[in-house]
file final.cif (mmCIF, C-alpha atoms)
data_run
#
loop_
_atom_site.group_PDB
_atom_site.id
_atom_site.type_symbol
_atom_site.label_atom_id
_atom_site.label_comp_id
_atom_site.auth_asym_id
_atom_site.auth_seq_id
_atom_site.Cartn_x
_atom_site.Cartn_y
_atom_site.Cartn_z
ATOM 1 C CA MET N 1 -13.083 18.521 14.972
ATOM 2 C CA ARG N 2 -10.396 20.760 16.439
ATOM 3 C CA THR N 3 -10.198 19.636 20.078
ATOM 4 C CA ILE N 4 -8.980 16.086 20.612
ATOM 5 C CA GLY N 5 -9.017 14.115 23.836
ATOM 6 C CA LEU N 6 -6.018 11.911 24.478
ATOM 7 C CA ILE N 7 -6.245 9.203 27.137
ATOM 8 C CA GLY N 8 -2.867 7.622 27.804
ATOM 9 C CA VAL N 9 0.206 9.786 27.311
ATOM 10 C CA GLY N 10 2.981 7.243 27.574
ATOM 11 C CA TYR N 11 5.340 6.604 24.670
ATOM 12 C CA VAL N 12 2.686 6.174 21.957
ATOM 13 C CA GLY N 13 0.363 8.788 23.435
ATOM 14 C CA THR N 14 3.170 11.337 23.506
ATOM 15 C CA GLU N 15 3.852 10.649 19.827
ATOM 16 C CA PHE N 16 0.174 11.324 19.139
ATOM 17 C CA LEU N 17 0.278 14.484 21.229
ATOM 18 C CA ASP N 18 3.191 15.920 19.288
ATOM 19 C CA GLN N 19 1.545 15.131 15.951
ATOM 20 C CA LEU N 20 -1.767 16.672 17.015
ATOM 21 C CA LEU N 21 -0.176 19.843 18.351
ATOM 22 C CA ALA N 22 1.938 20.202 15.214
ATOM 23 C CA ALA N 23 -1.298 20.031 13.187
ATOM 24 C CA ASP N 24 -2.818 22.841 15.333
ATOM 25 C CA TYR N 25 -5.294 20.674 17.214
ATOM 26 C CA ASP N 26 -6.087 21.552 20.801
ATOM 27 C CA VAL N 27 -5.457 18.524 23.022
ATOM 28 C CA VAL N 28 -6.951 17.582 26.383
ATOM 29 C CA ALA N 29 -4.990 14.798 28.079
ATOM 30 C CA PHE N 30 -5.635 12.290 30.853
ATOM 31 C CA ASP N 31 -3.474 9.531 32.306
ATOM 32 C CA VAL N 32 -3.530 7.634 35.586
ATOM 33 C CA ASP N 33 0.132 8.689 35.911
ATOM 34 C CA ASP N 34 0.109 12.313 37.078
ATOM 35 C CA GLU N 35 3.706 12.792 35.979
ATOM 36 C CA ALA N 36 2.790 11.758 32.444
ATOM 37 C CA VAL N 37 0.011 14.358 32.442
ATOM 38 C CA ASP N 38 2.440 16.997 33.714
ATOM 39 C CA ARG N 39 4.794 16.210 30.846
ATOM 40 C CA ALA N 40 1.906 16.448 28.379
ATOM 41 C CA VAL N 41 0.936 19.853 29.777
ATOM 42 C CA GLU N 42 4.529 21.028 29.413
ATOM 43 C CA ARG N 43 4.325 20.068 25.726
ATOM 44 C CA GLY N 44 1.146 22.070 25.227
ATOM 45 C CA ALA N 45 -1.854 19.950 26.247
ATOM 46 C CA ALA N 46 -4.566 20.851 28.718
ATOM 47 C CA ALA N 47 -5.177 18.434 31.583
ATOM 48 C CA ALA N 48 -8.392 16.612 32.499
ATOM 49 C CA ASP N 49 -9.071 14.809 35.751
ATOM 50 C CA SER N 50 -10.980 11.832 34.332
ATOM 51 C CA PRO N 51 -11.876 10.083 31.065
ATOM 52 C CA ALA N 52 -15.386 11.543 31.367
ATOM 53 C CA ALA N 53 -13.948 15.056 31.567
ATOM 54 C CA VAL N 54 -11.934 14.360 28.416
ATOM 55 C CA ALA N 55 -15.094 13.346 26.563
ATOM 56 C CA ARG N 56 -17.028 16.426 27.712
ATOM 57 C CA GLU N 57 -14.319 18.849 26.619
ATOM 58 C CA THR N 58 -13.435 17.441 23.190
ATOM 59 C CA ASP N 59 -14.759 16.677 19.722
ATOM 60 C CA ALA N 60 -13.100 13.254 19.471
ATOM 61 C CA VAL N 61 -11.220 10.930 21.825
ATOM 62 C CA VAL N 62 -8.069 8.906 21.166
ATOM 63 C CA THR N 63 -6.995 6.179 23.589
ATOM 64 C CA ALA N 64 -3.465 4.764 23.770
ATOM 65 C CA LEU N 65 -3.377 2.334 26.692
ATOM 66 C CA PRO N 66 -1.398 -0.768 27.740
ATOM 67 C CA GLY N 67 -4.103 -3.367 27.082
ATOM 68 C CA THR N 68 -7.581 -4.748 27.718
ATOM 69 C CA PRO N 69 -7.905 -4.036 31.467
ATOM 70 C CA GLU N 70 -6.944 -0.399 31.031
ATOM 71 C CA LEU N 71 -9.368 0.160 28.156
ATOM 72 C CA GLU N 72 -12.190 -1.486 30.079
ATOM 73 C CA ALA N 73 -11.515 0.756 33.081
ATOM 74 C CA THR N 74 -11.364 3.834 30.862
ATOM 75 C CA LEU N 75 -14.720 3.068 29.305
ATOM 76 C CA GLU N 76 -16.669 1.703 32.267
ATOM 77 C CA GLY N 77 -14.903 2.873 35.420
ATOM 78 C CA ASP N 78 -15.899 5.743 37.662
ATOM 79 C CA ASP N 79 -16.077 8.919 35.550
ATOM 80 C CA GLY N 80 -15.397 6.740 32.507
ATOM 81 C CA LEU N 81 -15.850 7.670 28.890
ATOM 82 C CA LEU N 82 -19.265 6.063 28.627
ATOM 83 C CA ASP N 83 -20.576 8.511 31.226
ATOM 84 C CA ALA N 84 -19.937 11.486 28.956
ATOM 85 C CA LEU N 85 -19.596 10.550 25.275
ATOM 86 C CA SER N 86 -21.908 12.422 22.919
ATOM 87 C CA PRO N 87 -23.839 11.002 19.941
ATOM 88 C CA GLY N 88 -21.584 10.945 16.908
ATOM 89 C CA GLN N 89 -18.413 11.580 18.916
ATOM 90 C CA PRO N 90 -15.530 9.520 17.452
ATOM 91 C CA VAL N 91 -13.509 7.250 19.734
ATOM 92 C CA VAL N 92 -10.274 6.016 18.136
ATOM 93 C CA ASP N 93 -8.641 3.271 20.191
ATOM 94 C CA ALA N 94 -4.957 2.688 19.418
ATOM 95 C CA THR N 95 -4.596 0.122 22.215
ATOM 96 C CA THR N 96 -3.700 -3.455 21.347
ATOM 97 C CA THR N 97 -6.355 -5.457 23.193
ATOM 98 C CA ARG N 98 -8.105 -8.791 22.984
ATOM 99 C CA PRO N 99 -10.246 -8.872 19.821
ATOM 100 C CA ALA N 100 -13.288 -9.451 22.013
ATOM 101 C CA THR N 101 -12.516 -6.225 23.857
ATOM 102 C CA SER N 102 -12.917 -4.208 20.671
ATOM 103 C CA VAL N 103 -16.220 -5.938 19.943
ATOM 104 C CA VAL N 104 -17.589 -5.044 23.373
ATOM 105 C CA ALA N 105 -16.201 -1.502 23.200
ATOM 106 C CA GLU N 106 -17.989 -0.920 19.897
ATOM 107 C CA GLU N 107 -21.248 -2.242 21.356
ATOM 108 C CA LEU N 108 -20.953 -0.033 24.437
ATOM 109 C CA CYS N 109 -20.187 3.048 22.377
ATOM 110 C CA ASP N 110 -23.095 2.244 20.044
ATOM 111 C CA GLU N 111 -25.414 2.269 23.060
ATOM 112 C CA VAL N 112 -24.553 5.917 23.768
ATOM 113 C CA GLY N 113 -24.321 6.851 20.082
ATOM 114 C CA ALA N 114 -20.531 7.303 19.923
ATOM 115 C CA ASP N 115 -18.530 6.138 16.891
ATOM 116 C CA PHE N 116 -15.897 3.606 17.941
ATOM 117 C CA LEU N 117 -12.950 2.572 15.783
ATOM 118 C CA GLU N 118 -10.160 0.197 16.740
ATOM 119 C CA ALA N 119 -6.833 1.503 15.457
ATOM 120 C CA PRO N 120 -3.863 -0.502 16.782
ATOM 121 C CA ILE N 121 -0.576 0.947 15.613
ATOM 122 C CA THR N 122 2.848 -0.393 14.682
ATOM 123 C CA GLY N 123 6.195 1.230 14.128
ATOM 124 C CA ALA N 124 8.187 -1.962 13.691
ATOM 125 C CA ALA N 125 7.142 -3.000 10.181
ATOM 126 C CA PRO N 126 9.675 -2.906 7.346
ATOM 127 C CA ARG N 127 7.912 0.268 6.186
ATOM 128 C CA ASP N 128 9.168 3.535 7.657
ATOM 129 C CA GLY N 129 6.991 5.417 10.115
ATOM 130 C CA TYR N 130 3.864 4.390 11.982
ATOM 131 C CA GLN N 131 0.916 2.524 10.462
ATOM 132 C CA MET N 132 -2.562 1.956 11.882
ATOM 133 C CA MET N 133 -4.829 -1.025 11.221
ATOM 134 C CA ILE N 134 -8.437 0.155 11.382
ATOM 135 C CA GLY N 135 -11.432 -1.943 12.336
ATOM 136 C CA GLY N 136 -14.894 -0.450 12.109
ATOM 137 C CA THR N 137 -17.534 0.670 9.662
ATOM 138 C CA ALA N 138 -16.514 2.281 6.388
ATOM 139 C CA ALA N 139 -18.533 5.414 7.249
ATOM 140 C CA ARG N 140 -16.773 5.878 10.594
ATOM 141 C CA TYR N 141 -13.411 5.295 8.964
ATOM 142 C CA GLU N 142 -14.056 7.972 6.353
ATOM 143 C CA ALA N 143 -15.324 10.424 8.966
ATOM 144 C CA ALA N 144 -12.135 9.985 11.026
ATOM 145 C CA ARG N 145 -9.727 10.030 8.083
ATOM 146 C CA ASP N 146 -8.298 13.517 8.775
ATOM 147 C CA LEU N 147 -7.616 12.607 12.403
ATOM 148 C CA LEU N 148 -6.035 9.300 11.404
ATOM 149 C CA ASP N 149 -3.853 11.095 8.855
ATOM 150 C CA THR N 150 -2.509 13.216 11.693
ATOM 151 C CA LEU N 151 -1.917 10.356 14.120
ATOM 152 C CA CYS N 152 0.117 8.120 11.807
ATOM 153 C CA ASP N 153 2.007 7.969 8.536
ATOM 154 C CA ASP N 154 -0.459 5.591 6.894
ATOM 155 C CA HIS N 155 -3.541 3.582 7.762
ATOM 156 C CA VAL N 156 -5.778 0.953 6.211
ATOM 157 C CA ARG N 157 -9.303 -0.157 6.972
ATOM 158 C CA VAL N 158 -8.949 -3.912 7.439
ATOM 159 C CA GLY N 159 -12.673 -4.560 7.846
ATOM 160 C CA PRO N 160 -15.256 -4.555 10.613
ATOM 161 C CA ILE N 161 -14.266 -4.880 14.236
ATOM 162 C CA PRO N 162 -12.224 -6.856 15.374
ATOM 163 C CA ASP N 163 -10.341 -7.291 12.080
ATOM 164 C CA GLY N 164 -7.851 -4.511 12.835
ATOM 165 C CA THR N 165 -6.867 -6.090 16.134
ATOM 166 C CA VAL N 166 -6.633 -9.570 14.587
ATOM 167 C CA LEU N 167 -4.171 -8.221 12.001
ATOM 168 C CA LYS N 168 -2.137 -6.394 14.663
ATOM 169 C CA LEU N 169 -1.813 -9.563 16.725
ATOM 170 C CA GLY N 170 -0.570 -11.348 13.619
ATOM 171 C CA LEU N 171 2.143 -8.712 13.292
ATOM 172 C CA GLN N 172 3.079 -9.213 16.929
ATOM 173 C CA MET N 173 3.387 -12.939 16.332
ATOM 174 C CA ARG N 174 5.845 -12.260 13.531
ATOM 175 C CA TYR N 175 7.863 -9.670 15.470
ATOM 176 C CA ALA N 176 8.097 -11.889 18.535
ATOM 177 C CA GLY N 177 8.851 -15.030 16.545
ATOM 178 C CA ARG N 178 11.619 -13.405 14.581
ATOM 179 C CA ALA N 179 13.187 -11.960 17.730
ATOM 180 C CA ALA N 180 13.052 -15.365 19.392
ATOM 181 C CA LEU N 181 14.628 -17.135 16.402
ATOM 182 C CA ASP N 182 17.404 -14.532 16.174
ATOM 183 C CA ALA N 183 18.172 -15.006 19.862
ATOM 184 C CA GLU N 184 18.381 -18.741 19.329
ATOM 185 C CA ILE N 185 20.727 -18.616 16.339
ATOM 186 C CA VAL N 186 23.005 -16.092 18.089
ATOM 187 C CA GLU N 187 23.290 -18.333 21.145
ATOM 188 C CA TYR N 188 23.690 -21.443 18.940
ATOM 189 C CA ALA N 189 26.647 -19.906 17.109
ATOM 190 C CA ARG N 190 28.279 -18.451 20.195
ATOM 191 C CA ASP N 191 27.868 -21.639 22.248
ATOM 192 C CA ASN N 192 29.657 -23.528 19.486
ATOM 193 C CA GLY N 193 32.584 -21.134 19.160
ATOM 194 C CA VAL N 194 31.435 -19.166 16.088
ATOM 195 C CA ASP N 195 31.144 -15.376 16.015
ATOM 196 C CA PRO N 196 27.394 -14.621 15.676
ATOM 197 C CA ARG N 197 28.108 -11.101 14.422
ATOM 198 C CA LEU N 198 28.693 -12.685 11.004
ATOM 199 C CA PHE N 199 24.920 -13.055 10.644
ATOM 200 C CA GLY N 200 24.772 -9.296 10.366
ATOM 201 C CA ASP N 201 28.235 -8.245 9.237
ATOM 202 C CA PHE N 202 28.534 -10.792 6.414
ATOM 203 C CA PHE N 203 24.987 -11.862 5.562
ATOM 204 C CA GLY N 204 23.342 -8.511 6.239
ATOM 205 C CA MET N 205 20.744 -9.891 8.627
ATOM 206 C CA ASP N 206 19.033 -7.368 10.885
ATOM 207 C CA VAL N 207 20.007 -8.994 14.197
ATOM 208 C CA TRP N 208 19.776 -6.852 17.319
ATOM 209 C CA GLU N 209 23.130 -5.489 18.443
ATOM 210 C CA ARG N 210 21.956 -6.033 22.010
ATOM 211 C CA TYR N 211 22.125 -9.787 21.470
ATOM 212 C CA HIS N 212 25.875 -9.345 21.072
ATOM 213 C CA THR N 213 26.533 -6.765 23.792
ATOM 214 C CA GLY N 214 24.199 -7.893 26.572
ATOM 215 C CA GLU N 215 22.826 -4.371 27.012
ATOM 216 C CA PHE N 216 19.259 -5.269 27.929
ATOM 217 C CA GLY N 217 17.882 -1.939 29.163
ATOM 218 C CA GLN N 218 14.678 -0.489 27.761
ATOM 219 C CA ALA N 219 15.114 0.391 24.095
ATOM 220 C CA ILE N 220 12.232 2.864 24.326
ATOM 221 C CA GLU N 221 11.449 4.691 27.537
ATOM 222 C CA GLY N 222 8.288 3.370 29.130
ATOM 223 C CA LEU N 223 7.943 0.481 26.701
ATOM 224 C CA GLY N 224 8.905 -3.100 27.484
ATOM 225 C CA GLY N 225 9.023 -5.491 24.557
ATOM 226 C CA LEU N 226 8.983 -8.561 26.779
ATOM 227 C CA ALA N 227 5.808 -7.533 28.580
ATOM 228 C CA ILE N 228 4.088 -6.336 25.416
ATOM 229 C CA TRP N 229 4.834 -9.430 23.362
ATOM 230 C CA ASP N 230 3.992 -11.741 26.243
ATOM 231 C CA LYS N 231 0.626 -9.963 26.522
ATOM 232 C CA ASP N 232 -0.109 -9.862 22.806
ATOM 233 C CA LEU N 233 0.935 -13.439 22.084
ATOM 234 C CA GLY N 234 -1.370 -14.429 24.910
ATOM 235 C CA TYR N 235 -4.224 -12.474 23.315
ATOM 236 C CA ALA N 236 -3.537 -14.081 19.929
ATOM 237 C CA ARG N 237 -3.407 -17.623 21.323
ATOM 238 C CA GLU N 238 -6.586 -17.095 23.338
ATOM 239 C CA PHE N 239 -8.424 -15.811 20.255
ATOM 240 C CA ALA N 240 -7.083 -18.636 18.090
ATOM 241 C CA ARG N 241 -8.069 -21.261 20.643
ATOM 242 C CA ARG N 242 -11.642 -20.002 20.693
ATOM 243 C CA ASN N 243 -11.804 -20.174 16.894
ATOM 244 C CA GLY N 244 -9.998 -23.492 16.501
ATOM 245 C CA THR N 245 -6.941 -21.988 14.796
ATOM 246 C CA ALA N 246 -3.721 -23.927 15.389
ATOM 247 C CA LEU N 247 -0.700 -21.812 16.377
ATOM 248 C CA PRO N 248 1.979 -24.360 17.279
ATOM 249 C CA LEU N 249 5.013 -22.145 16.616
ATOM 250 C CA SER N 250 3.563 -19.128 18.393
ATOM 251 C CA GLY N 251 2.783 -21.370 21.347
ATOM 252 C CA VAL N 252 6.449 -22.296 21.658
ATOM 253 C CA VAL N 253 7.539 -18.671 21.254
ATOM 254 C CA HIS N 254 5.041 -17.528 23.875
ATOM 255 C CA GLU N 255 6.331 -20.039 26.392
ATOM 256 C CA ALA N 256 9.873 -18.805 25.742
ATOM 257 C CA TYR N 257 8.749 -15.218 26.339
ATOM 258 C CA LYS N 258 7.090 -16.155 29.597
ATOM 259 C CA ALA N 259 10.298 -17.826 30.757
ATOM 260 C CA ALA N 260 12.386 -14.843 29.642
ATOM 261 C CA THR N 261 10.098 -12.385 31.420
ATOM 262 C CA ARG N 262 10.642 -14.239 34.694
ATOM 263 C CA ARG N 263 14.414 -14.082 34.222
ATOM 264 C CA ALA N 264 14.686 -10.416 33.233
ATOM 265 C CA ASP N 265 15.414 -7.720 35.793
ATOM 266 C CA GLU N 266 12.911 -4.909 36.304
ATOM 267 C CA ASP N 267 14.931 -2.541 34.111
ATOM 268 C CA GLU N 268 15.401 -5.139 31.371
ATOM 269 C CA GLY N 269 12.067 -4.845 29.638
ATOM 270 C CA HIS N 270 13.504 -4.857 26.146
ATOM 271 C CA ALA N 271 12.836 -8.011 24.173
ATOM 272 C CA ALA N 272 16.569 -8.506 23.692
ATOM 273 C CA ALA N 273 16.570 -9.955 27.194
ATOM 274 C CA LEU N 274 14.916 -12.990 25.619
ATOM 275 C CA ILE N 275 18.356 -14.334 24.893
ATOM 276 C CA ARG N 276 18.733 -14.976 28.634
ATOM 277 C CA TYR N 277 16.387 -17.922 28.142
ATOM 278 C CA TRP N 278 18.704 -19.600 25.667
ATOM 279 C CA MET N 279 21.763 -18.794 27.764
ATOM 280 C CA ALA N 280 20.079 -20.438 30.740
ATOM 281 C CA LEU N 281 19.344 -23.562 28.697
ATOM 282 C CA ASN N 282 23.024 -23.713 27.744
ATOM 283 C CA ASP N 283 24.336 -22.995 31.273
ATOM 284 C CA ALA N 284 25.782 -19.727 29.964
ATOM 285 C CA GLU N 285 24.175 -17.130 32.248
ATOM 286 C CA ASP N 286 27.622 -15.537 32.755
ATOM 287 C CA ARG N 287 28.138 -15.038 29.023
ATOM 288 C CA TYR N 288 28.409 -11.247 29.287
ATOM 289 C CA GLU N 289 30.435 -11.056 32.490
#

call {"tool": "encode", "arguments": {"input": "final.cif", "output": "structure tokens"}}
result
Amino acid sequence: MRTIGLIGVGYVGTEFLDQLLAADYDVVAFDVDDEAVDRAVERGAAAADSPAAVARETDAVVTALPGTPELEATLEGDDGLLDALSPGQPVVDATTTRPATSVVAEELCDEVGADFLEAPITGAAPRDGYQMMIGGTAARYEAARDLLDTLCDDHVRVGPIPDGTVLKLGLQMRYAGRAALDAEIVEYARDNGVDPRLFGDFFGMDVWERYHTGEFGQAIEGLGGLAIWDKDLGYAREFARRNGTALPLSGVVHEAYKAATRRADEDEGHAAALIRYWMALNDAEDRYE
């Protein structure tokens, strides 16, 4: 397994690309964004003109896409992966999707004999580095272990599909909820004449500096926390509703994110812009002027 296909070379995909090249893998890349492919080629990848071409030219395929619609199109669209996957060819999906999407993707790959694993990734846990949460059979997990070791700093098999995605959505609920609470306490203190920097400076809390400065630009190029957490909280709530799981707090947080997303400018994708929601509630939209 020395030639790896990489579909999606945005922020996460580029991280994968660098790790794979550093480990002396050959990489064939595809993205719907031609400029992203050009950047990948400059870093050392070869380019493919479709997901099917990626599958034909590689030993294993890694996908790193925005969400469910993009994975579905990659698998089933014109010149999609399913048109060209070989029996036994691993497909490692690092996309955070609906849990049901992973279930269907595994079934579709099984029909052509390919070995699908869900592998959503996080870099925001208290642990350093990137960690993957793997859903899939134990045999497929073991067979892909060397590739997974290259893609991330650590990984764990959570269970069968969609367990990896369910765990990832739980992480997203925590990340989003904590960010929302921090925004609320910062605005609470400031609206009542108290310096909110004391939460960090005195108590040592890890509160975003951007909540204090009003610098709401993207924290990571190509990645928007507001859009991602709005999407993933929606996935989690949809899954929970179908299974009868109550998520009252995450429901409130999700509604706040939806409101914040509508208030943020196009270049304010970072989740720190969430604080605009609380400023609006307190008639303090000019707080940073």

call {"tool": "atom_distance", "arguments": {"input": "final.cif", "atom1": "atom CA of N:Gly80", "atom2": "atom CA of N:Val62"}}
result
13.7 Å

call {"tool": "residues_around", "arguments": {"input": "final.cif", "residues": "N:Val41", "least_positions_apart": "2", "cutoff": "12 Å", "atoms": "all atoms listed in the file", "output": "list in words"}}
result
Leu6, Val9, Thr14, Leu17, Asp18, Leu21, Asp26, Val27, Val28, Ala29, Phe30, Asp31, Asp34, Glu35, Ala36, Val37, Asp38, Arg39, Arg43, Gly44, Ala45, Ala46, Ala47 and Ala48 of chain N

call {"tool": "resolve_selection", "arguments": {"input": "final.cif", "expression": "the PyMOL selection byres ((chain N and resi 216) around 10)", "output": "mmCIF file with C-alpha atoms, keeping the file's coordinate frame"}}
result
data_model
loop_
_atom_site.group_PDB
_atom_site.id
_atom_site.type_symbol
_atom_site.label_atom_id
_atom_site.label_comp_id
_atom_site.auth_asym_id
_atom_site.auth_seq_id
_atom_site.Cartn_x
_atom_site.Cartn_y
_atom_site.Cartn_z
ATOM 1 C CA ARG N 210 21.956 -6.033 22.010
ATOM 2 C CA TYR N 211 22.125 -9.787 21.470
ATOM 3 C CA THR N 213 26.533 -6.765 23.792
ATOM 4 C CA GLY N 214 24.199 -7.893 26.572
ATOM 5 C CA GLU N 215 22.826 -4.371 27.012
ATOM 6 C CA GLY N 217 17.882 -1.939 29.163
ATOM 7 C CA GLN N 218 14.678 -0.489 27.761
ATOM 8 C CA ALA N 219 15.114 0.391 24.095
ATOM 9 C CA ALA N 264 14.686 -10.416 33.233
ATOM 10 C CA ASP N 265 15.414 -7.720 35.793
ATOM 11 C CA ASP N 267 14.931 -2.541 34.111
ATOM 12 C CA GLU N 268 15.401 -5.139 31.371
ATOM 13 C CA GLY N 269 12.067 -4.845 29.638
ATOM 14 C CA HIS N 270 13.504 -4.857 26.146
ATOM 15 C CA ALA N 271 12.836 -8.011 24.173
ATOM 16 C CA ALA N 272 16.569 -8.506 23.692
ATOM 17 C CA ALA N 273 16.570 -9.955 27.194
ATOM 18 C CA LEU N 274 14.916 -12.990 25.619
ATOM 19 C CA ILE N 275 18.356 -14.334 24.893
ATOM 20 C CA ARG N 276 18.733 -14.976 28.634
#

call {"tool": "residues_near_point", "arguments": {"input": "final.cif", "point": "(-12.7, 24.0, 16.5)", "cutoff": "9 Å", "atoms": "all atoms listed in the file", "output": "ChimeraX atom specification"}}
result
/N:1-3,25-26,59

call {"tool": "resolve_selection", "arguments": {"input": "final.cif", "expression": "the PyMOL selection byres ((chain N and resi 140) around 12)", "output": "JSON, numbers by chain"}}
result
{"N": [88, 89, 90, 91, 92, 106, 110, 114, 115, 116, 117, 118, 119, 134, 135, 136, 137, 138, 139, 141, 142, 143, 144, 145, 146, 147, 148, 157, 159, 160, 161]}

call {"tool": "residues_around", "arguments": {"input": "final.cif", "residues": "stretch 120-133 of chain N", "least_positions_apart": "6", "cutoff": "7 Å", "atoms": "only C-alpha atoms", "output": "mmCIF file with C-alpha atoms, keeping the file's coordinate frame"}}
result
data_model
loop_
_atom_site.group_PDB
_atom_site.id
_atom_site.type_symbol
_atom_site.label_atom_id
_atom_site.label_comp_id
_atom_site.auth_asym_id
_atom_site.auth_seq_id
_atom_site.Cartn_x
_atom_site.Cartn_y
_atom_site.Cartn_z
ATOM 1 C CA ASP N 93 -8.641 3.271 20.191
ATOM 2 C CA ALA N 94 -4.957 2.688 19.418
ATOM 3 C CA THR N 95 -4.596 0.122 22.215
ATOM 4 C CA THR N 96 -3.700 -3.455 21.347
ATOM 5 C CA CYS N 152 0.117 8.120 11.807
ATOM 6 C CA ASP N 153 2.007 7.969 8.536
ATOM 7 C CA ASP N 154 -0.459 5.591 6.894
ATOM 8 C CA HIS N 155 -3.541 3.582 7.762
ATOM 9 C CA VAL N 156 -5.778 0.953 6.211
ATOM 10 C CA ARG N 157 -9.303 -0.157 6.972
ATOM 11 C CA VAL N 158 -8.949 -3.912 7.439
ATOM 12 C CA GLY N 164 -7.851 -4.511 12.835
ATOM 13 C CA THR N 165 -6.867 -6.090 16.134
ATOM 14 C CA LYS N 168 -2.137 -6.394 14.663
#

call {"tool": "residues_around", "arguments": {"input": "final.cif", "residues": "N:Glu72", "least_positions_apart": "6", "cutoff": "10 Å", "atoms": "all atoms listed in the file", "output": "list in words"}}
result
Gly80, Leu81, Thr97, Thr101, Ser102, Val104 and Ala105 of chain N

call {"tool": "closest_residue", "arguments": {"input": "final.cif", "among": "N:Leu247, N:Asp33, N:Leu82, N:Leu71", "to": "N:Ala53", "atoms": "only C-alpha atoms"}}
result
N:Leu82

call {"tool": "residues_around", "arguments": {"input": "final.cif", "residues": "N:Ser250", "least_positions_apart": "6", "cutoff": "9 Å", "atoms": "all atoms listed in the file", "output": "NGL selection string"}}
result
:N and (173-174 or 176-177 or 233 or 236-237)

call {"tool": "residues_around", "arguments": {"input": "final.cif", "residues": "N:Pro51", "least_positions_apart": "5", "cutoff": "10 Å", "atoms": "all atoms listed in the file", "output": "PyMOL selection string"}}
result
chain N and resi 5-8+29-32+56+61+63+73-85

call {"tool": "atom_distance", "arguments": {"input": "final.cif", "atom1": "atom CA of N:Arg178", "atom2": "atom CA of N:Pro66"}}
result
22.4 Å
